[in-house]
file start_8.cif (mmCIF, C-alpha atoms, pLDDT in the B column; chains and numbers go by the auth columns)
data_run
loop_
_atom_site.group_PDB
_atom_site.id
_atom_site.type_symbol
_atom_site.label_atom_id
_atom_site.label_comp_id
_atom_site.label_asym_id
_atom_site.label_seq_id
_atom_site.Cartn_x
_atom_site.Cartn_y
_atom_site.Cartn_z
_atom_site.B_iso_or_equiv
_atom_site.auth_seq_id
_atom_site.auth_asym_id
ATOM 1 C CA MET A 1 126.670 41.586 52.814 65.00 1 A
ATOM 2 C CA MET A 2 126.383 45.213 53.826 74.00 2 A
ATOM 3 C CA LEU A 3 129.413 47.457 53.519 80.00 3 A
ATOM 4 C CA ASP A 4 129.569 50.544 55.705 83.00 4 A
ATOM 5 C CA LEU A 5 130.993 53.472 53.796 81.00 5 A
ATOM 6 C CA PRO A 6 132.326 56.536 55.580 81.00 6 A
ATOM 7 C CA LYS A 7 130.037 59.551 55.399 85.00 7 A
ATOM 8 C CA VAL A 8 132.907 61.790 54.304 87.00 8 A
ATOM 9 C CA TYR A 9 135.476 60.902 51.639 84.00 9 A
ATOM 10 C CA ASN A 10 139.058 61.048 52.918 85.00 10 A
ATOM 11 C CA PRO A 11 141.332 61.397 49.871 86.00 11 A
ATOM 12 C CA LYS A 12 144.513 61.007 51.913 87.00 12 A
ATOM 13 C CA ILE A 13 143.755 57.367 52.724 83.00 13 A
ATOM 14 C CA VAL A 14 142.765 56.469 49.174 83.00 14 A
ATOM 15 C CA GLU A 15 145.388 58.472 47.299 88.00 15 A
ATOM 16 C CA GLU A 16 148.371 57.372 49.417 90.00 16 A
ATOM 17 C CA LYS A 17 147.547 53.730 48.679 88.00 17 A
ATOM 18 C CA TRP A 18 147.094 54.171 44.929 88.00 18 A
ATOM 19 C CA TYR A 19 149.991 56.608 44.460 88.00 19 A
ATOM 20 C CA LYS A 20 152.349 54.042 45.992 91.00 20 A
ATOM 21 C CA ILE A 21 151.011 51.306 43.701 89.00 21 A
ATOM 22 C CA TRP A 22 151.369 53.560 40.641 82.00 22 A
ATOM 23 C CA GLU A 23 154.979 54.412 41.534 87.00 23 A
ATOM 24 C CA GLU A 24 155.926 50.780 42.257 89.00 24 A
ATOM 25 C CA ASN A 25 154.501 49.623 38.928 82.00 25 A
ATOM 26 C CA GLY A 26 156.052 52.440 36.887 76.00 26 A
ATOM 27 C CA TYR A 27 152.732 53.899 35.764 73.00 27 A
ATOM 28 C CA PHE A 28 154.229 57.411 35.732 72.00 28 A
ATOM 29 C CA ALA A 29 156.963 56.375 33.290 69.00 29 A
ATOM 30 C CA PRO A 30 156.320 56.357 29.558 63.00 30 A
ATOM 31 C CA GLU A 31 156.115 52.998 27.830 63.00 31 A
ATOM 32 C CA ASP A 32 159.343 51.596 26.447 57.00 32 A
ATOM 33 C CA TYR A 33 161.363 54.037 28.540 54.00 33 A
ATOM 34 C CA SER A 34 165.117 53.579 28.462 58.00 34 A
ATOM 35 C CA GLN A 35 168.152 55.827 28.555 61.00 35 A
ATOM 36 C CA ASN A 36 169.408 54.337 25.294 63.00 36 A
ATOM 37 C CA SER A 37 166.298 55.079 23.266 69.00 37 A
ATOM 38 C CA ASN A 38 166.612 57.582 20.447 77.00 38 A
ATOM 39 C CA ARG A 39 162.894 58.299 20.494 79.00 39 A
ATOM 40 C CA LYS A 40 161.758 61.771 21.448 85.00 40 A
ATOM 41 C CA THR A 41 159.441 62.198 24.420 85.00 41 A
ATOM 42 C CA PHE A 42 156.140 64.031 24.690 87.00 42 A
ATOM 43 C CA THR A 43 154.411 64.731 28.021 87.00 43 A
ATOM 44 C CA ILE A 44 151.184 66.451 29.025 89.00 44 A
ATOM 45 C CA VAL A 45 150.418 67.253 32.667 87.00 45 A
ATOM 46 C CA ILE A 46 146.726 67.495 33.438 81.00 46 A
ATOM 47 C CA PRO A 47 146.043 70.625 35.502 75.00 47 A
ATOM 48 C CA PRO A 48 144.014 70.344 38.704 72.00 48 A
ATOM 49 C CA PRO A 49 140.272 71.043 38.523 68.00 49 A
ATOM 50 C CA ASN A 50 138.979 74.547 38.977 66.00 50 A
ATOM 51 C CA VAL A 51 138.219 75.983 42.405 64.00 51 A
ATOM 52 C CA THR A 52 134.453 75.536 42.184 67.00 52 A
ATOM 53 C CA GLY A 53 134.705 71.813 41.504 64.00 53 A
ATOM 54 C CA SER A 54 131.996 72.143 38.849 67.00 54 A
ATOM 55 C CA LEU A 55 132.860 70.341 35.644 65.00 55 A
ATOM 56 C CA HIS A 56 131.696 71.841 32.373 72.00 56 A
ATOM 57 C CA MET A 57 132.125 71.420 28.624 74.00 57 A
ATOM 58 C CA GLY A 58 135.463 73.217 28.761 74.00 58 A
ATOM 59 C CA HIS A 59 136.870 70.416 30.928 74.00 59 A
ATOM 60 C CA ALA A 60 135.574 67.779 28.524 78.00 60 A
ATOM 61 C CA LEU A 61 137.068 69.633 25.559 84.00 61 A
ATOM 62 C CA ASP A 62 140.424 70.130 27.297 83.00 62 A
ATOM 63 C CA ASN A 63 140.758 66.455 28.250 83.00 63 A
ATOM 64 C CA THR A 64 139.632 65.335 24.792 88.00 64 A
ATOM 65 C CA LEU A 65 142.264 67.503 23.114 91.00 65 A
ATOM 66 C CA GLN A 66 144.954 66.201 25.463 90.00 66 A
ATOM 67 C CA ASP A 67 143.928 62.617 24.683 89.00 67 A
ATOM 68 C CA ILE A 68 144.066 63.317 20.942 92.00 68 A
ATOM 69 C CA LEU A 69 147.521 64.885 21.210 93.00 69 A
ATOM 70 C CA ILE A 70 148.945 62.040 23.298 90.00 70 A
ATOM 71 C CA ARG A 71 147.570 59.403 20.923 89.00 71 A
ATOM 72 C CA PHE A 72 148.785 61.326 17.861 92.00 72 A
ATOM 73 C CA LYS A 73 152.314 61.644 19.248 91.00 73 A
ATOM 74 C CA ARG A 74 152.352 57.958 20.277 86.00 74 A
ATOM 75 C CA MET A 75 151.310 56.986 16.744 87.00 75 A
ATOM 76 C CA ARG A 76 154.180 59.129 15.434 90.00 76 A
ATOM 77 C CA GLY A 77 156.669 57.113 17.507 84.00 77 A
ATOM 78 C CA PHE A 78 157.125 59.386 20.515 87.00 78 A
ATOM 79 C CA LYS A 79 157.454 58.009 24.039 84.00 79 A
ATOM 80 C CA THR A 80 154.377 59.572 25.597 86.00 80 A
ATOM 81 C CA LEU A 81 153.296 60.273 29.154 85.00 81 A
ATOM 82 C CA TRP A 82 149.968 61.762 30.248 86.00 82 A
ATOM 83 C CA VAL A 83 150.243 62.667 33.940 83.00 83 A
ATOM 84 C CA PRO A 84 147.140 63.388 36.033 72.00 84 A
#

call {"tool": "encode", "arguments": {"input": "start_8.cif", "output": "structure tokens"}}
result
Amino acid sequence: MMLDLPKVYNPKIVEEKWYKIWEENGYFAPEDYSQNSNRKTFTIVIPPPNVTGSLHMGHALDNTLQDILIRFKRMRGFKTLWVP
């Protein structure tokens, strides 16, 4: 079965669909989120890519450090959220 793919990627079509699904399923909310929780929160917002669109070792290092921090805080009992 052949699948015809568009020649140009249209992010609006793809991102609208997935953003809605993420919101409906609460993927932007930290785990175990409730108003009555005494746990502190910790959030990291991932910045957009640079203007050139070229990824480099700095991007890999930045995302690795963010991942380490989020996991560390989660292991310490924080409600964590890592937002792309």

call {"tool": "resolve_selection", "arguments": {"input": "start_8.cif", "expression": "the PyMOL selection byres ((chain A and resi 77) around 12)", "output": "NGL selection string"}}
result
:A and (31-32 or 37-42 or 70-76 or 78-80)

call {"tool": "atom_distance", "arguments": {"input": "start_8.cif", "atom1": "atom CA of A:Ile68", "atom2": "atom CA of A:Ile46"}}
result
13.4 Å

call {"tool": "atom_distance", "arguments": {"input": "start_8.cif", "atom1": "atom CA of A:Pro11", "atom2": "atom CA of A:Pro47"}}
result
17.7 Å

call {"tool": "atom_distance", "arguments": {"input": "start_8.cif", "atom1": "atom CA of A:Trp82", "atom2": "atom CA of A:Trp22"}}
result
13.3 Å

call {"tool": "closest_residue", "arguments": {"input": "start_8.cif", "among": "A:Val83, A:Ala60, A:Ile44, A:Val8", "to": "A:Tyr27", "atoms": "only C-alpha atoms"}}
result
A:Val83
